[in-house]
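Undergrad: One structure follows; several queries about it will come next.
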Amino acid sequence: MKRTRHSKEFKIQVIKEAMETGKTSVVARRYELNPNMVTRWVREYKDGKYGDLDVATVPDLDSKHLANENDHLKKY
């Protein structure tokens, strides 16, 4: 399996959804990610890796933009 890099904006969107729903496995399935990765991103966010960024204030990314980014990542 090829490793991919995800943008900070994408990670923040996934973290936001995971924290809102409380179900990392559902969010991981939605974005076709490993649930352990989503859990790690949430833990890193809580530990302050992303600075003083508050996911509650981050606007939702456009779903079309996310779909395009996912398609782009799948190609590589």
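So you can find residues: chains in the structure tokens are A, B, ... in the order shown, residues in each start at 1, and ligands are numbered from 1 in order.
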May I have the residues within 12 Å of Gly22 in chain A as a list of chain:residue names, using only C-alpha atoms and disregarding those fewer than 5 positions away in the same chain?
TA: A:Val14, A:Ile15, A:Lys16, A:Glu17, A:Val27, A:Ala28, A:Val38, A:Thr39, A:Val42
Undergrad: Would you kindly return, as a compact mmCIF listing (two decimals) with N, CA, C and O atoms, in the first residue's frame, each protein, DNA or RNA residue with an atom no farther than 9 Å from any atom of Trp41 in chain A, considering only C-alpha atoms and excluding same-chain residues fewer than 4 positions away?
TA:
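To be explicit, this is the file written out as part_24.txt:
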```txt
# COMPACT_ATOMS: atom_id res chain seq x y z
N LYS A 11 -6.66 17.10 7.56
CA LYS A 11 -6.54 16.50 8.89
C LYS A 11 -7.44 17.20 9.90
O LYS A 11 -8.12 16.55 10.70
N ILE A 12 -7.47 18.53 9.85
CA ILE A 12 -8.30 19.30 10.79
C ILE A 12 -9.77 18.98 10.57
O ILE A 12 -10.53 18.83 11.52
N VAL A 14 -11.04 16.16 9.42
CA VAL A 14 -11.27 14.81 9.94
C VAL A 14 -11.31 14.84 11.46
O VAL A 14 -12.19 14.22 12.09
N ILE A 15 -10.40 15.57 12.07
CA ILE A 15 -10.36 15.70 13.54
C ILE A 15 -11.66 16.32 14.03
O ILE A 15 -12.25 15.85 15.02
N ASN A 36 -6.95 3.87 13.17
CA ASN A 36 -5.83 4.19 14.05
C ASN A 36 -5.20 5.54 13.68
O ASN A 36 -4.74 6.28 14.56
N MET A 37 -5.19 5.85 12.40
CA MET A 37 -4.63 7.13 11.96
C MET A 37 -5.49 8.28 12.46
O MET A 37 -4.97 9.28 12.96
N TYR A 45 -3.81 16.36 18.07
CA TYR A 45 -4.50 17.65 18.19
C TYR A 45 -4.67 18.02 19.66
O TYR A 45 -4.41 19.14 20.06
N LYS A 46 -5.10 17.06 20.47
CA LYS A 46 -5.30 17.32 21.90
C LYS A 46 -3.99 17.61 22.61
O LYS A 46 -3.98 18.36 23.59
```
Undergrad: Report, in Å to a single decimal, how far apart CA of Gln13 in chain A and CA of Tyr76 in chain A are.
TA: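 These atoms are spaced 21.2 Å apart.
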Undergrad: Do you know which residues are at most 12 Å from Glu69 in chain A counting only C-alpha atoms, after dropping those on the same chain fewer than 2 positions away, and could you put them as a ChimeraX atom specification?
TA: /A:4-7,9-10,31,61-67,71-76
